[in-house]
file my_file-v8.cif (mmCIF, C-alpha atoms)
data_input
loop_
_atom_site.label_atom_id
_atom_site.label_comp_id
_atom_site.auth_asym_id
_atom_site.auth_seq_id
_atom_site.Cartn_x
_atom_site.Cartn_y
_atom_site.Cartn_z
CA MET A 1 0.00 0.00 0.00
CA THR A 2 2.80 2.41 0.84
CA ASP A 3 5.40 3.45 -1.71
CA SER A 4 8.39 4.05 0.55
CA ASN A 5 10.05 6.41 -1.96
CA ALA A 6 6.98 8.62 -2.44
CA VAL A 7 6.97 12.16 -1.06
CA GLY A 8 5.61 12.16 2.51
CA ALA A 9 6.03 8.40 3.00
CA ASN A 10 8.70 9.02 5.67
CA VAL A 11 6.40 11.34 7.65
CA SER A 12 3.89 10.27 10.30
CA ILE A 13 1.68 12.31 12.57
CA ALA A 14 0.62 11.85 16.21
CA LEU A 15 -2.37 13.55 17.83
CA LEU A 16 -1.71 13.63 21.56
CA HIS A 17 -4.53 13.55 24.11
CA TYR A 18 -2.11 13.24 27.03
CA PRO A 19 -0.13 15.00 28.41
CA VAL A 20 -1.71 18.28 27.28
CA TYR A 21 -2.69 21.47 29.09
CA ASP A 22 -6.24 22.48 29.83
CA LYS A 23 -7.45 26.08 29.90
CA ASN A 24 -5.90 26.62 33.35
CA ARG A 25 -2.58 25.02 32.40
CA GLN A 26 -3.32 21.86 34.33
CA VAL A 27 -2.01 18.65 32.75
CA VAL A 28 -4.95 16.53 31.60
CA ALA A 29 -6.02 13.79 29.21
CA SER A 30 -8.37 15.36 26.67
CA ALA A 31 -11.24 13.48 25.03
CA VAL A 32 -10.86 11.98 21.56
CA THR A 33 -13.36 13.45 19.11
CA ASN A 34 -14.79 11.74 16.06
CA LEU A 35 -13.96 14.59 13.68
CA ASP A 36 -10.30 14.64 14.79
CA ILE A 37 -10.11 11.04 13.64
CA HIS A 38 -11.73 11.64 10.24
CA ASP A 39 -10.45 15.10 9.29
CA ILE A 40 -6.84 14.33 10.15
CA ALA A 41 -6.91 10.86 8.54
CA ARG A 42 -8.24 12.42 5.31
CA ALA A 43 -5.53 15.11 5.39
CA ALA A 44 -2.85 12.49 6.15
CA ARG A 45 -3.96 10.44 3.12
CA THR A 46 -4.20 13.51 0.87
CA PHE A 47 -0.61 14.49 1.71
CA GLY A 48 0.79 10.97 1.39
CA LEU A 49 1.80 10.34 5.02
CA PHE A 50 2.97 7.00 6.37
CA ARG A 51 0.72 6.81 9.45
CA TYR A 52 -1.58 8.77 11.73
CA TYR A 53 -1.38 7.91 15.46
CA VAL A 54 -4.16 8.80 17.86
CA VAL A 55 -2.52 8.72 21.29
CA THR A 56 -4.50 8.39 24.52
CA PRO A 57 -3.83 6.56 27.79
CA VAL A 58 -7.58 6.04 28.31
CA SER A 59 -8.38 2.49 27.24
CA GLY A 60 -12.09 3.16 26.69
CA GLN A 61 -11.18 5.94 24.26
CA ARG A 62 -8.71 3.72 22.41
CA GLU A 63 -11.45 1.11 22.03
CA MET A 64 -13.81 3.75 20.66
CA VAL A 65 -11.27 4.81 18.04
CA GLU A 66 -10.67 1.17 17.06
CA ARG A 67 -14.42 0.63 16.73
CA ILE A 68 -14.88 3.69 14.50
CA SER A 69 -11.87 2.66 12.45
CA ARG A 70 -13.15 -0.91 11.97
CA HIS A 71 -16.55 0.38 10.87
CA TRP A 72 -15.02 2.34 7.99
CA ARG A 73 -12.26 -0.14 7.12
CA GLU A 74 -14.12 -3.45 7.37
CA GLY A 75 -17.74 -2.85 8.15
CA TRP A 76 -20.65 -1.39 6.26
CA GLY A 77 -18.77 1.90 5.98
CA ALA A 78 -16.06 0.39 3.77
CA THR A 79 -18.61 -0.24 1.02
CA TYR A 80 -20.54 2.96 1.64
CA ASN A 81 -17.48 5.20 1.36
CA PRO A 82 -14.23 3.59 0.07
CA LYS A 83 -12.44 6.95 0.26
CA ARG A 84 -12.98 7.07 3.99
CA LYS A 85 -11.61 3.52 4.16
CA ALA A 86 -8.44 4.64 2.34
CA ALA A 87 -7.99 7.46 4.86
CA LEU A 88 -8.59 5.35 7.96
CA GLU A 89 -6.15 2.67 6.82
CA LEU A 90 -3.45 5.12 7.97
CA LEU A 91 -4.87 5.23 11.49
CA ALA A 92 -3.20 3.56 14.48
CA VAL A 93 -3.95 3.89 18.18
CA THR A 94 -1.38 3.86 20.98
CA SER A 95 -1.48 4.55 24.69
CA SER A 96 1.61 6.77 24.70
CA LEU A 97 3.81 8.84 22.41
CA ASP A 98 6.68 6.58 23.37
CA ASP A 99 4.84 3.56 21.93
CA ALA A 100 4.34 5.34 18.61
CA ILE A 101 8.02 6.34 18.49
CA HIS A 102 9.17 2.78 19.17
CA GLU A 103 6.78 1.28 16.64
CA LEU A 104 8.03 3.61 13.91
CA ALA A 105 11.69 3.03 14.80
CA GLU A 106 11.13 -0.70 14.48
CA GLU A 107 9.36 -0.46 11.12
CA PHE A 108 11.87 1.96 9.59
CA GLY A 109 14.88 0.24 11.20
CA LYS A 110 16.18 3.53 12.59
CA PRO A 111 15.19 6.19 15.15
CA VAL A 112 12.44 8.58 14.12
CA LYS A 113 13.00 12.32 14.54
CA ILE A 114 10.39 14.05 16.69
CA VAL A 115 8.87 17.28 15.36
CA MET A 116 6.80 19.31 17.82
CA THR A 117 4.13 21.84 16.82
CA GLY A 118 2.26 24.48 18.77
CA ALA A 119 0.75 27.95 18.70
CA GLY A 120 3.53 29.53 20.77
CA ASN A 121 6.86 30.98 19.69
CA HIS A 122 10.07 29.10 20.47
CA PRO A 123 13.59 30.44 20.11
CA ARG A 124 14.79 27.38 18.20
CA SER A 125 11.79 26.85 15.92
CA VAL A 126 12.25 26.25 12.18
CA THR A 127 10.04 27.31 9.28
CA CYS A 128 7.88 24.85 7.35
CA ALA A 129 9.96 25.68 4.25
CA ASP A 130 13.16 24.59 6.02
CA PHE A 131 11.55 21.43 7.36
CA ALA A 132 10.04 20.66 3.92
CA ALA A 133 13.58 20.55 2.55
CA LEU A 134 14.63 18.07 5.27
CA ILE A 135 11.82 15.58 4.63
CA LYS A 136 12.89 15.21 1.01
CA ASP A 137 15.55 12.85 2.39
CA SER A 138 13.21 9.86 2.35
CA GLY A 139 15.68 7.73 4.36
CA GLN A 140 14.94 9.64 7.59
CA PRO A 141 11.56 9.01 9.28
CA TYR A 142 9.83 11.90 11.07
CA LEU A 143 6.94 12.04 13.54
CA LEU A 144 4.99 15.31 13.65
CA VAL A 145 3.33 15.75 17.06
CA PHE A 146 0.19 17.86 17.57
CA GLY A 147 -1.49 18.57 20.89
CA THR A 148 -5.20 18.73 21.69
CA GLY A 149 -6.74 20.82 24.48
CA TRP A 150 -4.61 23.90 25.19
CA GLY A 151 -1.49 22.32 23.68
CA LEU A 152 1.47 20.03 24.34
CA THR A 153 3.09 20.27 27.77
CA GLU A 154 6.63 21.56 28.23
CA GLU A 155 7.66 18.05 29.27
CA VAL A 156 6.62 16.72 25.84
CA PHE A 157 8.20 19.67 24.03
CA ALA A 158 11.54 18.71 25.59
CA TRP A 159 11.51 15.55 23.41
CA ALA A 160 11.72 17.63 20.23
CA ASP A 161 14.44 17.11 17.67
CA ILE A 162 12.78 19.88 15.68
CA ILE A 163 10.20 22.54 16.67
CA LEU A 164 8.01 23.95 13.90
CA GLU A 165 7.08 27.62 13.94
CA PRO A 166 3.40 28.37 14.66
CA VAL A 167 0.96 29.03 11.81
CA LYS A 168 0.16 32.74 11.55
CA GLY A 169 -2.18 34.90 9.56
CA PRO A 170 -1.76 38.60 8.90
CA GLY A 171 -2.70 39.61 12.48
CA VAL A 172 -1.96 38.47 16.03
CA TYR A 173 -4.91 36.07 16.44
CA ASN A 174 -3.80 32.49 15.81
CA HIS A 175 -6.26 30.26 17.63
CA LEU A 176 -6.81 27.63 14.98
CA SER A 177 -8.36 24.25 15.72
CA VAL A 178 -5.87 21.39 15.73
CA ARG A 179 -7.66 20.06 12.61
CA SER A 180 -6.99 23.33 10.77
CA ALA A 181 -3.38 23.51 12.00
CA VAL A 182 -2.66 19.95 10.83
CA ALA A 183 -4.17 20.66 7.40
CA ILE A 184 -2.18 23.87 6.93
CA ILE A 185 1.13 22.41 8.08
CA LEU A 186 0.79 19.32 5.88
CA ASP A 187 -0.04 21.57 2.93
CA ARG A 188 2.97 23.80 3.62
CA LEU A 189 5.20 20.71 3.80
CA LEU A 190 3.75 18.51 1.06
CA GLY A 191 1.06 20.39 -0.89
CA LYS A 192 1.29 20.67 -4.66
CA ARG A 193 1.00 24.23 -5.97
CA MET B 1 -13.46 46.10 14.80
CA THR B 2 -12.42 45.69 11.18
CA ASP B 3 -9.53 47.60 9.68
CA SER B 4 -10.70 47.99 6.09
CA ASN B 5 -7.15 48.38 4.77
CA ALA B 6 -5.79 45.27 6.50
CA VAL B 7 -4.86 42.23 4.44
CA GLY B 8 -7.88 39.92 4.09
CA ALA B 9 -10.40 42.57 5.15
CA ASN B 10 -11.93 42.55 1.65
CA VAL B 11 -12.42 38.77 1.72
CA SER B 12 -15.45 36.93 3.11
CA ILE B 13 -16.33 33.26 3.10
CA ALA B 14 -19.63 31.42 2.66
CA LEU B 15 -20.25 27.83 3.70
CA LEU B 16 -23.15 26.56 1.60
CA HIS B 17 -25.55 23.89 2.89
CA TYR B 18 -27.85 24.27 -0.13
CA PRO B 19 -27.75 23.59 -3.02
CA VAL B 20 -25.08 20.89 -2.69
CA TYR B 21 -24.79 17.34 -4.00
CA ASP B 22 -25.16 14.28 -1.86
CA LYS B 23 -23.25 11.03 -2.45
CA ASN B 24 -25.57 10.10 -5.33
CA ARG B 25 -25.40 13.54 -6.96
CA GLN B 26 -28.86 14.48 -5.78
CA VAL B 27 -29.32 18.13 -4.83
CA VAL B 28 -29.91 18.39 -1.09
CA ALA B 29 -29.68 20.69 1.92
CA SER B 30 -26.96 19.32 4.18
CA ALA B 31 -27.02 19.66 7.96
CA VAL B 32 -25.06 22.41 9.70
CA THR B 33 -22.48 20.97 12.10
CA ASN B 34 -21.15 22.63 15.22
CA LEU B 35 -17.49 22.15 14.30
CA ASP B 36 -17.98 23.76 10.88
CA ILE B 37 -19.12 26.87 12.72
CA HIS B 38 -16.19 26.95 15.16
CA ASP B 39 -13.28 25.71 13.04
CA ILE B 40 -14.05 27.96 10.10
CA ALA B 41 -14.77 31.01 12.29
CA ARG B 42 -11.40 30.54 14.01
CA ALA B 43 -9.62 30.19 10.65
CA ALA B 44 -11.49 33.25 9.30
CA ARG B 45 -10.35 35.31 12.30
CA THR B 46 -6.77 34.01 12.10
CA PHE B 47 -6.51 35.04 8.45
CA GLY B 48 -8.15 38.44 8.95
CA LEU B 49 -11.34 37.92 6.91
CA PHE B 50 -14.26 40.35 6.83
CA ARG B 51 -17.08 37.87 7.50
CA TYR B 52 -18.03 34.20 7.58
CA TYR B 53 -21.51 33.32 6.27
CA VAL B 54 -23.22 30.07 7.15
CA VAL B 55 -25.88 29.61 4.46
CA THR B 56 -28.87 27.32 4.89
CA PRO B 57 -32.51 27.60 3.80
CA VAL B 58 -33.62 25.57 6.84
CA SER B 59 -34.89 28.03 9.45
CA GLY B 60 -34.41 25.63 12.38
CA GLN B 61 -30.75 25.26 11.45
CA ARG B 62 -30.30 29.02 11.14
CA GLU B 63 -31.79 29.41 14.62
CA MET B 64 -29.39 26.78 15.96
CA VAL B 65 -26.39 28.64 14.52
CA GLU B 66 -27.64 31.93 15.99
CA ARG B 67 -28.08 30.27 19.39
CA ILE B 68 -24.55 28.83 19.36
CA SER B 69 -23.18 32.16 18.21
CA ARG B 70 -24.98 34.10 20.95
CA HIS B 71 -23.71 31.71 23.61
CA TRP B 72 -20.09 32.46 22.69
CA ARG B 73 -20.53 36.15 21.89
CA GLU B 74 -22.83 37.26 24.69
CA GLY B 75 -23.49 34.40 27.04
CA TRP B 76 -21.40 32.51 29.54
CA GLY B 77 -19.08 31.44 26.73
CA ALA B 78 -17.90 35.01 26.07
CA THR B 79 -16.30 35.14 29.53
CA TYR B 80 -15.15 31.53 29.47
CA ASN B 81 -13.32 31.87 26.15
CA PRO B 82 -12.88 35.41 24.76
CA LYS B 83 -10.92 34.06 21.79
CA ARG B 84 -13.92 32.06 20.66
CA LYS B 85 -15.98 35.26 20.99
CA ALA B 86 -13.53 37.08 18.69
CA ALA B 87 -13.88 34.31 16.11
CA LEU B 88 -17.67 34.11 16.23
CA GLU B 89 -18.06 37.87 15.87
CA LEU B 90 -17.29 37.25 12.18
CA LEU B 91 -20.22 34.84 11.84
CA ALA B 92 -23.43 35.70 9.99
CA VAL B 93 -26.30 33.46 8.94
CA THR B 94 -28.33 33.78 5.73
CA SER B 95 -30.94 31.66 4.01
CA SER B 96 -29.33 31.92 0.56
CA LEU B 97 -26.06 32.74 -1.16
CA ASP B 98 -27.87 35.56 -2.91
CA ASP B 99 -28.64 37.19 0.45
CA ALA B 100 -24.97 37.09 1.46
CA ILE B 101 -23.93 38.58 -1.89
CA HIS B 102 -26.42 41.42 -1.58
CA GLU B 103 -25.51 42.16 2.02
CA LEU B 104 -21.80 42.43 1.13
CA ALA B 105 -22.50 44.56 -1.95
CA GLU B 106 -24.47 46.97 0.21
CA GLU B 107 -21.80 47.20 2.90
CA PHE B 108 -18.90 47.63 0.47
CA GLY B 109 -20.88 49.88 -1.89
CA LYS B 110 -19.96 47.75 -4.91
CA PRO B 111 -20.60 44.25 -6.27
CA VAL B 112 -18.63 41.44 -4.63
CA LYS B 113 -16.76 38.99 -6.86
CA ILE B 114 -17.75 35.36 -6.36
CA VAL B 115 -14.96 32.80 -5.97
CA MET B 116 -15.97 29.14 -6.17
CA THR B 117 -13.98 26.27 -4.67
CA GLY B 118 -14.20 22.52 -5.10
CA ALA B 119 -12.28 19.25 -5.31
CA GLY B 120 -12.78 18.89 -9.08
CA ASN B 121 -10.72 20.27 -11.95
CA HIS B 122 -12.11 23.11 -14.05
CA PRO B 123 -10.66 24.39 -17.32
CA ARG B 124 -10.78 28.03 -16.22
CA SER B 125 -9.55 27.62 -12.65
CA VAL B 126 -6.83 29.88 -11.23
CA THR B 127 -4.10 29.09 -8.69
CA CYS B 128 -4.18 30.37 -5.12
CA ALA B 129 -0.99 32.33 -5.90
CA ASP B 130 -2.73 34.19 -8.75
CA PHE B 131 -5.80 34.88 -6.65
CA ALA B 132 -3.62 35.99 -3.70
CA ALA B 133 -2.22 38.71 -5.96
CA LEU B 134 -5.76 39.89 -6.85
CA ILE B 135 -6.96 40.26 -3.25
CA LYS B 136 -4.15 42.68 -2.49
CA ASP B 137 -6.36 45.27 -4.18
CA SER B 138 -8.30 46.00 -1.03
CA GLY B 139 -10.92 48.06 -2.92
CA GLN B 140 -12.50 44.94 -4.44
CA PRO B 141 -14.56 42.70 -2.14
CA TYR B 142 -14.51 38.91 -2.70
CA LEU B 143 -16.72 36.10 -1.44
CA LEU B 144 -15.11 32.64 -1.30
CA VAL B 145 -17.78 29.92 -1.54
CA PHE B 146 -17.29 26.42 -0.08
CA GLY B 147 -19.73 23.54 -0.40
CA THR B 148 -20.66 20.95 2.20
CA GLY B 149 -21.86 17.41 1.43
CA TRP B 150 -20.42 16.22 -1.89
CA GLY B 151 -19.80 19.77 -3.12
CA LEU B 152 -21.37 22.78 -4.81
CA THR B 153 -23.85 22.10 -7.62
CA GLU B 154 -23.13 23.07 -11.23
CA GLU B 155 -25.90 25.64 -10.98
CA VAL B 156 -23.98 27.43 -8.18
CA PHE B 157 -20.66 27.07 -9.98
CA ALA B 158 -22.13 29.02 -12.90
CA TRP B 159 -22.21 32.11 -10.64
CA ALA B 160 -18.41 32.14 -10.40
CA ASP B 161 -16.35 35.17 -11.34
CA ILE B 162 -13.31 33.13 -10.34
CA ILE B 163 -12.82 29.38 -9.81
CA LEU B 164 -9.99 28.30 -7.50
CA GLU B 165 -7.97 25.19 -8.33
CA PRO B 166 -8.51 22.23 -5.99
CA VAL B 167 -6.08 21.56 -3.13
CA LYS B 168 -3.82 18.64 -3.96
CA GLY B 169 -1.18 16.61 -2.19
CA PRO B 170 1.55 14.57 -3.85
CA GLY B 171 -0.86 11.80 -4.96
CA VAL B 172 -4.31 11.51 -6.51
CA TYR B 173 -6.33 11.29 -3.27
CA ASN B 174 -7.79 14.71 -2.39
CA HIS B 175 -10.79 14.04 -0.19
CA LEU B 176 -10.23 16.69 2.45
CA SER B 177 -12.95 17.80 4.83
CA VAL B 178 -14.36 21.24 4.03
CA ARG B 179 -12.81 22.46 7.31
CA SER B 180 -9.35 21.36 6.13
CA ALA B 181 -9.88 22.80 2.64
CA VAL B 182 -10.92 26.19 4.05
CA ALA B 183 -7.88 26.28 6.38
CA ILE B 184 -5.44 25.41 3.59
CA ILE B 185 -6.88 27.85 1.05
CA LEU B 186 -6.93 30.74 3.55
CA ASP B 187 -3.32 29.95 4.47
CA ARG B 188 -2.30 29.86 0.80
CA LEU B 189 -4.00 33.22 0.24
CA LEU B 190 -3.20 35.06 3.46
CA GLY B 191 -0.81 33.02 5.63
CA LYS B 192 2.42 34.57 6.86
CA ARG B 193 5.51 32.50 6.09
#

call {"tool": "encode", "arguments": {"input": "my_file-v8.cif", "output": "structure tokens"}}
result
Amino acid sequence: MTDSNAVGANVSIALLHYPVYDKNRQVVASAVTNLDIHDIARAARTFGLFRYYVVTPVSGQREMVERISRHWREGWGATYNPKRKAALELLAVTSSLDDAIHELAEEFGKPVKIVMTGAGNHPRSVTCADFAALIKDSGQPYLLVFGTGWGLTEEVFAWADIILEPVKGPGVYNHLSVRSAVAIILDRLLGKR
Amino acid sequence: MTDSNAVGANVSIALLHYPVYDKNRQVVASAVTNLDIHDIARAARTFGLFRYYVVTPVSGQREMVERISRHWREGWGATYNPKRKAALELLAVTSSLDDAIHELAEEFGKPVKIVMTGAGNHPRSVTCADFAALIKDSGQPYLLVFGTGWGLTEEVFAWADIILEPVKGPGVYNHLSVRSAVAIILDRLLGKR
């Protein structure tokens, strides 16, 4: 199914539901939402990614994601909408970011580089244009990490090999949904213009 | 609230729920979803747009959108999350595309140009880069139209002054959600890199 030399085939994405901040900067596990599964899987397929990890330590939530995924991959949904099936074939569920990192390292036979994203500014962040140049080396796997809730915790950010600059419009307001941020960043990295 | 000379301040967006195609190419009115309201309002605010129209002929759906909007603009939600308030201040609800077009023409004192979007290829479509150059003329208002369901009908497409090329990744799959497509197109037109 995956052409390992195709553009984007060395890039995976992880949507973290823990550890993330809530509104009051408390560390919480956020709830998985159905549209995060679908929208991001469709974007991941459109931009040719290797895999899309939904990460949550809550076993009931992991089971829910698996159930939704099975419905569209194997159940009635696969016949009803084959394009949704193609998107959800990229989906995997893990209980921690560490599990996703180890799984990828095993499949690629080398350590994956961790790329953190967020709405804040970081002194050592790189532009999407610079990172787009890096991912052209298809021999190096990358995992792009996105936070839910009020964003990835500092503890998670410390794992970064690379930090991507935040998405900005013409003004100061940049409170995009994680679904919008994923779509924009994948387009900046892999979109065809 | 709006700086009429700011980048993007001559651009509005309309999310059409009628007339759109369903899976079997029947013309239907699709249902308004809560996340379409929020995600697209947040993207519209991030990229400095003038207004975001949710268009549906179903009065019960229009009332639902107004209720959600009031909650975040005036109700408890305005205090809980002022950034959501700022996004939803751009929201307006009309029963037809025609109503949105007339409202904008009246406010700008000149006809608005209609820009259609979709996942299909059209012989006279323009690139986002070409259209981005056009919107720098802040004296000309534009309305970007996005379809829900399986996309805008041919009848609506015939209203186009401009047709935008579809968003594509490296491969042939381009089944993005409308939320993702809006985010990507606004970033291509108005994002800061």

call {"tool": "resolve_selection", "arguments": {"input": "my_file-v8.cif", "expression": "the PyMOL selection byres ((chain A and resi 93) around 9)", "output": "tab-separated table (two decimals) with C-alpha atoms, keeping the file's coordinate frame"}}
result
chain	number	residue	atom	x	y	z
A	52	TYR	CA	-1.58	8.77	11.73
A	53	TYR	CA	-1.38	7.91	15.46
A	54	VAL	CA	-4.16	8.80	17.86
A	55	VAL	CA	-2.52	8.72	21.29
A	56	THR	CA	-4.50	8.39	24.52
A	62	ARG	CA	-8.71	3.72	22.41
A	63	GLU	CA	-11.45	1.11	22.03
A	65	VAL	CA	-11.27	4.81	18.04
A	66	GLU	CA	-10.67	1.17	17.06
A	91	LEU	CA	-4.87	5.23	11.49
A	92	ALA	CA	-3.20	3.56	14.48
A	94	THR	CA	-1.38	3.86	20.98
A	95	SER	CA	-1.48	4.55	24.69
A	100	ALA	CA	4.34	5.34	18.61

call {"tool": "resolve_selection", "arguments": {"input": "my_file-v8.cif", "expression": "the PyMOL selection byres ((chain B) within 8 of (chain A))", "output": "PyMOL selection string"}}
result
chain B and resi 7-8+39+42-43+45-48+83+127+167-177+179-181+183-184+187+190-193

call {"tool": "closest_residue", "arguments": {"input": "my_file-v8.cif", "among": "A:Phe50, A:Asn24, A:Gly149, A:Pro82", "to": "Glu107 (chain A)", "atoms": "only C-alpha atoms"}}
result
A:Phe50

call {"tool": "axis_aligned_box", "arguments": {"input": "my_file-v8.cif", "around": "region 100-103 of chain B", "padding_each_side": "3 Å", "output": "lines of an AutoDock Vina configuration file"}}
result
center_x = -25.2
center_y = 39.6
center_z = 0.1
size_x = 8.5
size_y = 11.1
size_z = 9.9

call {"tool": "resolve_selection", "arguments": {"input": "my_file-v8.cif", "expression": "the PyMOL selection byres ((chain A and resi 142) around 7)", "output": "CSV table (one decimal) with C-alpha atoms, keeping the file's coordinate frame"}}
result
chain,number,residue,atom,x,y,z
A,10,ASN,CA,8.7,9.0,5.7
A,11,VAL,CA,6.4,11.3,7.6
A,12,SER,CA,3.9,10.3,10.3
A,112,VAL,CA,12.4,8.6,14.1
A,113,LYS,CA,13.0,12.3,14.5
A,114,ILE,CA,10.4,14.0,16.7
A,115,VAL,CA,8.9,17.3,15.4
A,140,GLN,CA,14.9,9.6,7.6
A,141,PRO,CA,11.6,9.0,9.3
A,143,LEU,CA,6.9,12.0,13.5
A,144,LEU,CA,5.0,15.3,13.6

call {"tool": "residues_around", "arguments": {"input": "my_file-v8.cif", "residues": "Pro19 (chain B)", "least_positions_apart": "4", "cutoff": "7 Å", "atoms": "all atoms listed in the file", "output": "list in words"}}
result
Val27, Val28, Ala29, Leu152 and Thr153 of chain B

call {"tool": "closest_residue", "arguments": {"input": "my_file-v8.cif", "among": "B:Thr33, B:His122, B:His17, B:Arg51", "to": "Leu104 (chain B)", "atoms": "all atoms listed in the file"}}
result
B:Arg51

call {"tool": "atom_distance", "arguments": {"input": "my_file-v8.cif", "atom1": "CA of Leu97 (chain A)", "atom2": "CA of Ser30 (chain A)"}}
result
14.5 Å

call {"tool": "atom_distance", "arguments": {"input": "my_file-v8.cif", "atom1": "CA of Pro57 (chain A)", "atom2": "CA of Ser96 (chain A)"}}
result
6.3 Å

call {"tool": "atom_distance", "arguments": {"input": "my_file-v8.cif", "atom1": "CA of Lys85 (chain B)", "atom2": "CA of Lys110 (chain B)"}}
result
29.0 Å

call {"tool": "residues_around", "arguments": {"input": "my_file-v8.cif", "residues": "Leu164 (chain B)", "least_positions_apart": "2", "cutoff": "6 Å", "atoms": "all atoms listed in the file", "output": "VMD selection string"}}
result
chain B and resid 117 125 to 126

call {"tool": "decode", "arguments": {"input": "my_file-v8.cif", "residues": "region 125-156 of chain A", "atoms": "C-alpha atoms", "output": "compact mmCIF listing (two decimals), in the first residue's frame"}}
result
# COMPACT_ATOMS: atom_id res chain seq x y z
CA SER A 125 11.79 26.85 15.92
CA VAL A 126 12.25 26.25 12.18
CA THR A 127 10.04 27.31 9.28
CA CYS A 128 7.88 24.85 7.35
CA ALA A 129 9.96 25.68 4.25
CA ASP A 130 13.16 24.59 6.02
CA PHE A 131 11.55 21.43 7.36
CA ALA A 132 10.04 20.66 3.92
CA ALA A 133 13.58 20.55 2.55
CA LEU A 134 14.63 18.07 5.27
CA ILE A 135 11.82 15.58 4.63
CA LYS A 136 12.89 15.21 1.01
CA ASP A 137 15.55 12.85 2.39
CA SER A 138 13.21 9.86 2.35
CA GLY A 139 15.68 7.73 4.36
CA GLN A 140 14.94 9.64 7.59
CA PRO A 141 11.56 9.01 9.28
CA TYR A 142 9.83 11.90 11.07
CA LEU A 143 6.94 12.04 13.54
CA LEU A 144 4.99 15.31 13.65
CA VAL A 145 3.33 15.75 17.06
CA PHE A 146 0.19 17.86 17.57
CA GLY A 147 -1.49 18.57 20.89
CA THR A 148 -5.20 18.73 21.69
CA GLY A 149 -6.74 20.82 24.48
CA TRP A 150 -4.61 23.90 25.19
CA GLY A 151 -1.49 22.32 23.68
CA LEU A 152 1.47 20.03 24.34
CA THR A 153 3.09 20.27 27.77
CA GLU A 154 6.63 21.56 28.23
CA GLU A 155 7.66 18.05 29.27
CA VAL A 156 6.62 16.72 25.84
